Structure formats: C-alpha cells, structure tokens
$ cat model.cif   # mmCIF, C-alpha atoms
data_protein
loop_
_atom_site.label_atom_id
_atom_site.label_comp_id
_atom_site.auth_asym_id
_atom_site.auth_seq_id
_atom_site.Cartn_x
_atom_site.Cartn_y
_atom_site.Cartn_z
CA MET A 1 -26.10 -3.09 16.59
CA THR A 2 -23.45 -1.62 14.33
CA LEU A 3 -20.77 -3.00 12.10
CA MET A 4 -19.28 -6.30 13.30
CA GLY A 5 -22.03 -6.67 15.91
CA CYS A 6 -20.62 -4.03 18.25
CA LYS A 7 -23.08 -1.99 20.21
CA LYS A 8 -22.97 1.73 19.57
CA PRO A 9 -22.14 3.60 22.77
CA ARG A 10 -24.69 6.05 24.03
CA LYS A 11 -23.88 9.70 23.52
CA GLY A 12 -21.39 10.93 26.08
CA THR A 13 -20.42 7.45 27.30
CA ALA A 14 -17.58 6.67 24.89
CA LYS A 15 -14.22 6.39 26.60
CA PRO A 16 -10.93 7.17 24.90
CA ARG A 17 -9.10 4.07 23.73
CA THR A 18 -5.64 3.47 25.09
CA GLY A 19 -2.83 1.42 23.65
CA VAL A 20 -4.14 1.70 20.08
CA LYS A 21 -1.49 1.90 17.40
CA THR A 22 -1.98 4.78 15.02
CA GLY A 23 0.87 4.04 12.61
CA SER A 24 2.29 0.99 10.93
CA GLY A 25 4.21 0.00 14.03
CA LYS A 26 7.41 0.24 11.99
CA GLY A 27 8.50 3.61 13.27
CA LYS A 28 7.99 7.28 12.62
CA GLU A 29 10.55 7.44 9.79
CA TYR A 30 8.82 4.61 7.90
CA ASP A 31 5.37 6.16 8.40
CA GLU A 32 6.61 9.55 7.18
CA PHE A 33 8.13 7.91 4.10
CA MET A 34 4.92 6.03 3.23
CA ARG A 35 2.75 9.13 3.79
CA GLN A 36 4.09 10.64 0.55
CA PHE A 37 2.08 8.04 -1.38
CA HIS A 38 -1.24 8.92 0.28
CA TRP A 39 -3.75 10.90 -1.77
CA ALA A 40 -1.73 10.53 -4.99
CA HIS A 41 -3.13 9.30 -8.29
CA CYS A 42 -3.24 5.53 -8.62
CA GLU A 43 -0.34 4.69 -10.91
CA ARG A 44 -2.34 1.89 -12.49
CA CYS A 45 -5.70 3.53 -13.25
CA GLY A 46 -4.98 7.22 -12.52
CA ALA A 47 -8.02 7.60 -10.29
CA THR A 48 -8.25 9.55 -7.05
CA PHE A 49 -12.02 9.36 -6.62
CA TRP A 50 -14.39 6.46 -6.15
CA GLY A 51 -17.82 7.75 -7.08
CA ASP A 52 -18.12 11.09 -5.32
CA LYS A 53 -15.66 10.25 -2.53
CA LYS A 54 -11.95 10.83 -2.57
CA TYR A 55 -10.02 7.85 -1.29
CA MET A 56 -6.49 7.43 -0.10
CA THR A 57 -3.97 5.71 -2.29
CA THR A 58 -1.32 3.75 -0.47
CA GLY A 59 2.21 2.75 -1.27
CA HIS A 60 2.70 -0.79 -2.55
CA HIS A 61 6.16 -2.28 -2.25
CA ILE A 62 7.29 -3.74 -5.56
CA LEU A 63 9.74 -5.98 -3.71
CA TYR A 64 7.91 -7.07 -0.57
CA GLN A 65 9.13 -5.92 2.81
CA SER A 66 9.02 -9.49 4.10
CA THR A 67 11.70 -10.61 1.63
CA HIS A 68 13.50 -7.30 1.02
CA PRO A 69 13.32 -5.19 4.22
CA GLU A 70 16.40 -3.24 3.12
CA TYR A 71 14.28 -1.57 0.38
CA ALA A 72 11.28 -0.67 2.56
CA THR A 73 12.00 3.07 2.38
CA ILE A 74 13.47 3.28 -1.11
CA LYS A 75 11.20 5.38 -3.33
CA GLU A 76 11.92 3.30 -6.45
CA ASN A 77 10.49 0.27 -4.64
CA VAL A 78 7.08 1.83 -3.93
CA ILE A 79 4.20 2.59 -6.25
CA ALA A 80 1.00 4.49 -5.32
CA LEU A 81 -2.11 2.35 -5.82
CA CYS A 82 -5.81 2.84 -5.13
CA PRO A 83 -7.48 0.36 -2.75
CA VAL A 84 -8.73 -1.79 -5.65
CA HIS A 85 -5.38 -2.10 -7.40
CA HIS A 86 -3.47 -2.47 -4.13
CA SER A 87 -5.67 -5.42 -3.24
CA LEU A 88 -5.18 -6.90 -6.72
CA ALA A 89 -1.41 -6.47 -6.46
CA HIS A 90 -1.43 -8.67 -3.36
CA ASN A 91 -4.07 -11.15 -4.49
CA LYS A 92 -2.82 -11.52 -8.07
CA PRO A 93 0.90 -10.69 -7.91
CA ASN A 94 1.74 -12.21 -11.30
CA GLU A 95 -0.87 -9.99 -12.98
CA PHE A 96 0.57 -6.95 -11.20
CA LEU A 97 4.11 -7.88 -12.26
CA GLU A 98 3.02 -8.29 -15.89
CA TRP A 99 1.42 -4.83 -15.76
CA LEU A 100 4.58 -3.39 -14.17
CA LYS A 101 6.79 -4.95 -16.84
CA GLU A 102 4.65 -3.61 -19.69
CA ASN A 103 3.71 -0.19 -18.31
CA ARG A 104 6.51 0.85 -15.94
CA PRO A 105 9.71 -0.49 -17.54
CA GLU A 106 11.94 1.66 -15.32
CA ALA A 107 10.32 0.22 -12.19
CA TRP A 108 10.58 -3.29 -13.66
CA ALA A 109 14.28 -2.79 -14.42
CA TRP A 110 14.89 -1.55 -10.85
CA ARG A 111 13.03 -4.60 -9.51
CA GLU A 112 15.05 -7.02 -11.61
CA LYS A 113 18.33 -5.39 -10.58
CA HIS A 114 17.54 -5.58 -6.86
CA ASN A 115 15.54 -8.81 -6.65
CA HIS A 116 17.81 -11.36 -5.02
CA HIS A 117 14.93 -13.85 -4.67
CA ARG A 118 14.63 -14.82 -8.33
CA LYS A 119 11.72 -17.23 -7.83
CA GLU A 120 9.35 -14.20 -8.00
CA SER A 121 10.50 -13.22 -11.50
CA ILE A 122 8.29 -13.67 -14.50
#
$ encode --input "model.cif" --output "structure tokens"
Amino acid sequence: MTLMGCKKPRKGTAKPRTGVKTGSGKGKEYDEFMRQFHWAHCERCGATFWGDKKYMTTGHHILYQSTHPEYATIKENVIALCPVHHSLAHNKPNEFLEWLKENRPEAWAWREKHNHHRKESI
C-alpha cells in the first residue's frame, strides 16, 4: 500500500492517465501569469528552501479571485508565498492582512484602493 491506500502498480504496468488537468483550469494566459511567482523568495519569510529541499512558492491573491476576478492577473494583486505562509494567508486572513498593512504598505494601499467589498478591511 502507498499513500492514501492506493496500490503501487507493478513495474511496467502503469498506464498513462487521460483527462487529467495539468494547469489551474483557468486558461493558458492565467497559468503563464501565475508561473512568474513560482520559485521566488517568499515575500513574508524570504525562504526558498525547506530543510535541504527547494520548494515552490506560489502566488497568493491579495484580493481573492472569488470576489475580485477582474484582478486575477494584475501583478499588484499577487504576492509570492511559501507553502507555509500561503496556507496561513488562507487560514488566518486577518493575520495576513495585518502583516501586509505593516510590512508591504504599497500593496496594502493598492488593496484598499481596489477593494470594493469593504467588509474584508481591517
């Protein structure tokens, strides 16, 4: 047994998967835009390595795509975060927004100017 209880296929018996999405499902232009945030330094902690392994940072939308889809591919709306801080940004958004306000005032100002859903504001 392997991860998630799946049986490991015997050597030479694995079949290619079909119909598997390899991108975000939001289109090639969106995927290309978000790729620029991969492998960057985490803007919160500055790290690019976790122990001896390099990990991929990902772009975190300051104004969420669900409420502000018009800013999905605007560079000022995306910040590169490591997996730990990306998870925290989603799980503890108020903490992330406080950090943004204190440490990235230009990003905070952009957010406040473009945030038409004021209930998110601190």
$ residues_around --input "model.cif" --residues "range 84-96 of chain A" --least-positions-apart "2" --cutoff "9 Å" --atoms "only C-alpha atoms" --output "number ranges by chain"
A: 42, 44-45, 57-60, 80-82, 98-101, 120-122
$ residues_around --input "model.cif" --residues "Leu63 in chain A" --least-positions-apart "6" --cutoff "8 Å" --atoms "all atoms listed in the file" --output "list in words"
Tyr71, Asn77, Arg111 and Asn115 of chain A
$ write_last_selection --input "model.cif" --atoms "C-alpha atoms" --output "tab-separated table (two decimals), in the coordinates of the input"
chain	number	residue	atom	x	y	z
A	71	TYR	CA	14.28	-1.57	0.38
A	77	ASN	CA	10.49	0.27	-4.64
A	111	ARG	CA	13.03	-4.60	-9.51
A	115	ASN	CA	15.54	-8.81	-6.65
$ atom_distance --input "model.cif" --atom1 "CA of Gly27 in chain A" --atom2 "CA of His116 in chain A"
25.4 Å
$ closest_residue --input "model.cif" --among "A:Glu102, A:Ile62, A:Glu29, A:Ala40" --to "Glu76 in chain A" --atoms "all atoms listed in the file"
A:Ile62
$ axis_aligned_box --input "model.cif" --around "range 37-49 of chain A" --padding-each-side "6 Å" --output "AutoDock Vina command-line options"
--center_x -5.0 --center_y 6.4 --center_z -6.5 --size_x 26.1 --size_y 21.0 --size_z 25.5
$ atom_distance --input "model.cif" --atom1 "CA of Glu70 in chain A" --atom2 "CA of Arg104 in chain A"
21.9 Å
$ closest_residue --input "model.cif" --among "A:Lys28, A:Pro83, A:Val78, A:Trp39" --to "Trp110 in chain A" --atoms "all atoms listed in the file"
A:Val78
$ atom_distance --input "model.cif" --atom1 "CA of Asp31 in chain A" --atom2 "CA of Tyr55 in chain A"
18.3 Å
